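Colleague: What follows is the file upload_13.txt, containing compact mmCIF, C-alpha atoms:
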# COMPACT_ATOMS: atom_id res chain seq x y z
CA MET U 1 102.07 33.37 127.36
CA LYS U 2 104.42 31.86 129.93
CA LYS U 3 102.77 29.58 132.51
CA VAL U 4 103.82 29.15 136.14
CA PRO U 5 102.43 27.29 139.19
CA ILE U 6 100.07 29.35 141.34
CA ARG U 7 102.25 28.36 144.29
CA GLN U 8 104.77 31.00 143.21
CA ALA U 9 102.30 33.79 144.06
CA ILE U 10 101.83 32.30 147.54
CA LEU U 11 105.59 32.24 148.12
CA ASP U 12 105.86 35.84 146.93
CA ALA U 13 103.11 36.90 149.35
CA ILE U 14 104.90 35.20 152.25
CA ASP U 15 108.16 36.94 151.31
CA GLN U 16 106.42 40.31 151.26
CA SER U 17 104.55 39.84 154.54
CA ASP U 18 105.63 37.54 157.36
CA GLU U 19 107.01 34.02 157.51
CA PHE U 20 104.39 33.34 160.20
CA ILE U 21 101.74 33.43 157.46
CA GLY U 22 103.43 30.45 155.83
CA ARG U 23 101.98 28.25 158.57
CA TYR U 24 98.61 28.44 156.83
CA PRO U 25 99.30 27.22 153.27
CA ASN U 26 95.80 25.84 152.70
CA GLN U 27 94.18 29.19 153.45
CA LEU U 28 96.64 31.02 151.21
CA LEU U 29 95.95 28.54 148.41
CA LYS U 30 92.19 29.07 148.74
CA TRP U 31 92.65 32.82 148.41
CA ALA U 32 94.94 32.34 145.42
CA LYS U 33 92.43 30.11 143.63
CA TYR U 34 89.57 32.47 144.41
CA ILE U 35 91.23 35.47 142.81
CA GLU U 36 92.47 33.42 139.84
CA LYS U 37 88.82 32.64 139.10
CA GLU U 38 88.03 36.35 139.29
CA ILE U 39 90.80 37.14 136.79
CA GLY U 40 89.56 34.42 134.46
CA SER U 41 90.90 33.35 131.09
CA LEU U 42 90.47 34.97 127.70
CA ASN U 43 90.04 31.55 126.07
CA GLY U 44 87.91 29.96 128.79
CA TYR U 45 88.45 26.48 130.22
CA PRO U 46 87.59 23.03 128.81
CA PHE U 47 85.01 20.68 130.33
CA LYS U 48 85.45 17.29 131.94
CA ALA U 49 83.12 14.71 133.50
CA LYS U 50 84.30 12.44 136.31
CA THR U 51 82.44 10.00 138.56
CA PHE U 52 82.94 9.86 142.33
CA THR U 53 81.43 7.77 145.10
CA ILE U 54 80.26 9.93 147.98
CA THR U 55 79.22 9.10 151.53
CA GLY U 56 77.89 12.01 153.56
CA THR U 57 77.53 15.60 152.38
CA ILE U 58 81.10 16.58 151.45
CA LEU U 59 82.97 15.75 148.26
CA ASP U 60 86.66 16.63 147.87
CA LEU U 61 87.12 18.24 144.47
CA PRO U 62 89.91 17.08 142.14
CA ASP U 63 93.05 19.23 141.98
CA ASP U 64 92.33 20.36 138.43
CA CYS U 65 88.76 21.50 139.16
CA TYR U 66 88.43 25.14 138.15
CA ARG U 67 84.66 25.49 138.51
CA VAL U 68 81.84 22.97 139.05
CA ILE U 69 79.20 23.12 136.33
CA ALA U 70 76.73 20.37 137.26
CA ILE U 71 76.24 17.19 139.26
CA ILE U 72 74.39 14.12 137.97
CA GLN U 73 73.30 11.21 140.13
CA GLY U 74 74.82 8.00 138.79
CA ASN U 75 77.78 7.14 136.58
CA TYR U 76 77.42 9.02 133.31
CA GLU U 77 81.05 9.95 132.83
CA ASP U 78 81.17 8.63 129.26
CA GLN U 79 77.72 9.87 128.21
CA THR U 80 77.63 13.46 129.40
CA ASN U 81 78.05 16.19 126.83
CA ALA U 82 78.92 19.22 128.92
CA HIS U 83 78.30 21.64 126.06
CA TYR U 84 74.55 20.95 126.21
CA LEU U 85 74.13 21.34 129.96
CA GLN U 86 72.84 24.88 129.54
CA LEU U 87 69.87 23.45 127.62
CA GLY U 88 68.98 21.18 130.52
CA ASN U 89 69.40 18.00 128.47
CA LEU U 90 69.83 14.72 130.29
CA PRO U 91 72.47 12.18 129.29
CA TYR U 92 71.08 9.93 126.58
CA GLN U 93 71.80 6.59 124.93
CA ILE U 94 71.33 5.55 121.31
CA ASP U 95 70.33 2.04 120.22
CA GLU U 96 71.01 1.37 116.55
CA VAL U 97 68.31 -1.07 115.42
CA SER U 98 69.17 -0.88 111.73
CA ASP U 99 70.63 1.49 109.18
CA GLU U 100 67.34 3.37 109.11
CA ILE U 101 66.03 2.99 112.66
CA SER U 102 67.61 4.07 115.93
CA TYR U 103 66.16 4.66 119.38
CA VAL U 104 67.28 7.65 121.42
CA TRP U 105 66.34 7.43 125.07
CA ALA U 106 67.25 8.86 128.46
CA PRO U 107 68.25 6.38 131.18
CA GLU U 108 65.64 6.00 133.89
CA ASN U 109 66.02 8.16 137.01
CA THR U 110 68.70 10.33 135.43
CA THR U 111 68.53 13.59 137.34
CA TYR U 112 70.74 16.58 137.91
CA VAL U 113 71.31 17.72 141.46
CA GLN U 114 69.88 21.23 141.35
CA SER U 115 72.43 23.99 141.88
CA HIS U 116 70.68 25.32 145.00
CA PHE U 117 71.31 21.93 146.69
CA TRP U 118 75.10 22.21 146.52
CA GLU U 119 77.78 24.82 146.99
CA GLU U 120 81.43 24.92 146.03
CA ILE U 121 83.47 26.03 149.06
CA GLY U 122 87.22 26.06 148.63
CA ASP U 123 88.39 22.62 147.54
CA GLN U 124 85.19 20.89 148.61
CA LEU U 125 81.65 20.51 147.37
CA GLN U 126 79.04 20.89 150.13
CA LEU U 127 75.77 19.07 149.46
CA VAL U 128 72.49 19.68 151.26
CA ARG U 129 71.36 16.08 150.95
CA GLU U 130 73.31 13.27 152.61
CA PHE U 131 74.35 10.38 150.36
CA GLU U 132 75.31 6.80 151.22
CA ASP U 133 77.83 5.23 148.81
CA GLN U 134 76.18 7.12 145.94
CA GLU U 135 77.86 7.58 142.57
CA LEU U 136 77.82 11.17 141.36
CA THR U 137 79.12 12.39 138.02
CA LEU U 138 80.81 15.74 138.44
CA VAL U 139 80.89 17.97 135.37
CA TYR U 140 83.43 20.74 135.73
CA GLN U 141 85.80 23.07 133.97
CA TYR U 142 89.38 22.01 134.51
CA ILE U 143 92.72 23.79 134.56
CA GLU U 144 96.22 22.49 133.93
CA THR U 145 98.14 21.43 137.05
CA ASP U 146 101.77 20.65 137.85
CA ALA U 147 103.12 17.39 139.30
CA ASN U 148 102.15 18.53 142.82
CA GLY U 149 98.57 19.41 141.90
CA PHE U 150 99.03 23.20 141.87
CA TRP U 151 97.18 25.15 139.19
CA ILE U 152 99.23 26.40 136.26
CA VAL U 153 98.37 30.05 135.59
CA ASN U 154 99.56 32.80 133.29
CA GLU U 155 102.67 34.51 134.60
CA SER U 156 100.88 37.84 134.15
CA HIS U 157 98.43 36.80 136.91
CA LEU U 158 101.06 36.36 139.62
CA ASP U 159 101.22 40.00 140.66
CA ALA U 160 97.44 40.26 141.06
CA ILE U 161 97.25 37.01 143.02
CA THR U 162 100.09 38.06 145.32
CA LYS U 163 98.54 41.46 146.02
CA PHE U 164 95.14 39.93 146.73
CA ILE U 165 96.70 37.52 149.25
CA LEU U 166 98.44 40.44 150.97
CA PHE U 167 95.11 42.27 151.14
CA LYS U 168 93.37 39.24 152.67
CA ILE U 169 96.16 38.82 155.22
CA ALA U 170 95.77 42.46 156.25
CA MET U 171 92.00 42.02 156.52
CA LYS U 172 92.26 38.79 158.49
CA TYR U 173 94.53 40.24 161.16
CA ARG U 174 92.96 43.69 161.29
CA TRP U 175 91.27 42.88 164.63
CA LYS U 176 94.64 43.11 166.39
CA ILE U 177 94.89 46.78 165.47
CA PHE U 178 91.77 47.68 167.45
CA LYS U 179 93.77 47.09 170.62
CA SER U 180 96.21 49.78 169.53
CA GLU U 181 96.08 53.56 169.65
CA LYS U 182 93.68 55.36 167.32
CA LEU U 183 96.54 56.70 165.22
CA LEU U 184 97.87 53.20 164.51
CA ARG U 185 94.34 51.99 163.83
CA SER U 186 93.78 54.72 161.27
CA GLY U 187 97.08 53.97 159.57
CA HIS U 188 96.23 50.30 159.23
CA GLN U 189 92.83 51.10 157.73
CA MET U 190 94.53 53.26 155.12
CA MET U 191 97.01 50.47 154.37
CA VAL U 192 94.17 47.99 153.83
CA LYS U 193 92.47 50.38 151.40
CA ASP U 194 95.74 50.83 149.52
CA LEU U 195 96.18 47.07 149.24
CA GLU U 196 92.62 46.71 147.97
CA ARG U 197 93.24 49.36 145.32
CA ASP U 198 96.55 47.74 144.32
CA TYR U 199 95.09 44.28 143.73
CA ASN U 200 92.16 45.66 141.72
CA ILE U 201 94.58 47.55 139.47
CA ALA U 202 96.73 44.42 139.14
CA ILE U 203 93.69 42.38 138.06
CA ARG U 204 92.93 44.86 135.28
CA HIS U 205 96.56 44.73 134.16
CA ALA U 206 96.51 40.91 134.16
CA ARG U 207 93.40 40.84 131.97
CA ALA U 208 94.95 43.39 129.64
CA GLU U 209 98.12 41.29 129.32
CA ASP U 210 96.03 38.22 128.48
CA GLY U 211 94.38 40.15 125.67
CA LYS U 212 97.61 41.25 124.02
CA GLU U 213 98.58 39.82 120.67
CA SER U 214 101.13 37.02 120.74
CA GLU U 215 104.39 37.21 118.81
CA PHE U 216 102.95 34.77 116.27
CA GLU U 217 99.86 36.95 115.74
CA ARG U 218 102.01 40.03 115.21
CA GLN U 219 104.09 38.21 112.60
CA GLN U 220 100.97 37.31 110.61
CA LYS U 221 100.12 40.96 109.93
What would the structure in this file look like if it were written as structure tokens?
Modeller:
Amino acid sequence: MKKVPIRQAILDAIDQSDEFIGRYPNQLLKWAKYIEKEIGSLNGYPFKAKTFTITGTILDLPDDCYRVIAIIQGNYEDQTNAHYLQLGNLPYQIDEVSDEISYVWAPENTTYVQSHFWEEIGDQLQLVREFEDQELTLVYQYIETDANGFWIVNESHLDAITKFILFKIAMKYRWKIFKSEKLLRSGHQMMVKDLERDYNIAIRHARAEDGKESEFERQQK
């Protein structure tokens, strides 16, 4: 499956709408990332643990962050096994006393920040509690990025991402239509519904393309 930067979908949406929209690249990128998460990946995404120092309640997420899984207070970047997070296990350390004896123990005060105390909003993590120069280990699923930090996505996703951005643009500026005549207002509402239908169909097509057999798989039959 050919891979391309998600930025291409943003450029396509600008070409199909209005150059004025290009003044808001951050908003367009947020919409693009949101719908890419909705499309998902047939093979899933790998895990990574990375430690940050935070002051305040906002943490800027790394460019390759696809979805935050958990947050641990302290620096446990090298000890966290993300595959066991669903079991609620804490990071642990092993002391080898001899060939027959070993001690397995959890570091003192190792605690996860409960999921209802943080929220992932766009490219930032919003925390309820305020921290002061606190180390936090962020466990997240990551996605491949290009040299500029843009996500690398399947080429089959571009059409769905572009159509979703066009739908969001139409929704965002719909308020202007209410100053117009009723006929124009009705026409715009119909256009928004058509755009919503188009991007939902495109998402289904993108998922179907991801599930197709590769050329290598076909040759093995």
Colleague: So what do you get for CA of Pro62 in chain U versus CA of Asn26 in chain U, distance-wise?
Modeller: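 Going from CA of Pro62 in chain U over to CA of Asn26 in chain U, I get 14.9 Å.
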Colleague: Using only C-alpha atoms, pick whichever of U:Leu61, U:Ala202, U:Ala70, U:Ile143 has the shortest atom-to-atom distance to Gly44 in chain U.
Modeller: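 Result for the nearest residue to Gly44 in chain U: U:Ile143.
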Colleague: With only C-alpha atoms as the atoms that count, which of U:Tyr66, U:Phe164, U:Phe52, U:Tyr140 lies nearest to Leu28 in chain U?
Modeller: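 Smallest distance to Leu28 in chain U is found for U:Phe164.
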Colleague: What is the distance between CA of Val139 in chain U and CA of His116 in chain U, in Å to one decimal?
Modeller: 15.8 Å
Colleague: Just the number, please: distance in Å from CA of Pro5 in chain U to CA of Ser156 in chain U, one decimal.
Modeller: 11.8 Å
Colleague: For Ala32 in chain U, which residue among U:Ile10, U:Leu136, U:Val113, U:Val192 is the nearest when counting only C-alpha atoms?
Modeller: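 Smallest distance to Ala32 in chain U is found for U:Ile10.
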Colleague: Choose the residue, out of U:Asn148, U:Thr162, U:Met190, U:Ile201, that has the smallest atom-to-atom separation from Ser17 in chain U; count only C-alpha atoms.
Modeller: U:Thr162
Colleague: Which one of U:Lys50, U:Lys168, U:Arg207, U:Arg129 sits closest to Leu29 in chain U if you count only C-alpha atoms?
Modeller: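 Between U:Lys50, U:Lys168, U:Arg207, U:Arg129, the residue approaching Leu29 in chain U most closely is U:Lys168.
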Colleague: Could you list, as a compact mmCIF listing (two decimals) with C-alpha atoms, keeping the file's coordinate frame, every residue within 9 Å of Arg7 in chain U, counting all atoms listed in the file and ignoring same-chain residues fewer than 4 positions away?
Modeller:
# COMPACT_ATOMS: atom_id res chain seq x y z
CA LEU U 11 105.59 32.24 148.12
CA ASP U 12 105.86 35.84 146.93
CA LEU U 29 95.95 28.54 148.41
CA ALA U 32 94.94 32.34 145.42
CA PHE U 150 99.03 23.20 141.87
CA TRP U 151 97.18 25.15 139.19
CA ILE U 152 99.23 26.40 136.26
Colleague: When distances are computed from all atoms listed in the file, which of U:Met191, U:Ile6, U:Leu59, U:Val153 shows the smallest separation from Tyr45 in chain U?
Modeller: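 Under the stated criterion, the closest residue is U:Val153.
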Colleague: Every residue with an atom at most 10 Å from (97.4, 37.0, 125.5) (file coordinates; all atoms listed in the file) is what I'm after, so could you write them as a list in words?
Modeller: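 Looking at atoms near the point gives Met1, Lys2, Ser41, Leu42, Asn43, Asn154, Ser156, Ala206, Arg207, Ala208, Glu209, Asp210, Gly211, Lys212, Glu213, Ser214 and Glu215 of chain U.
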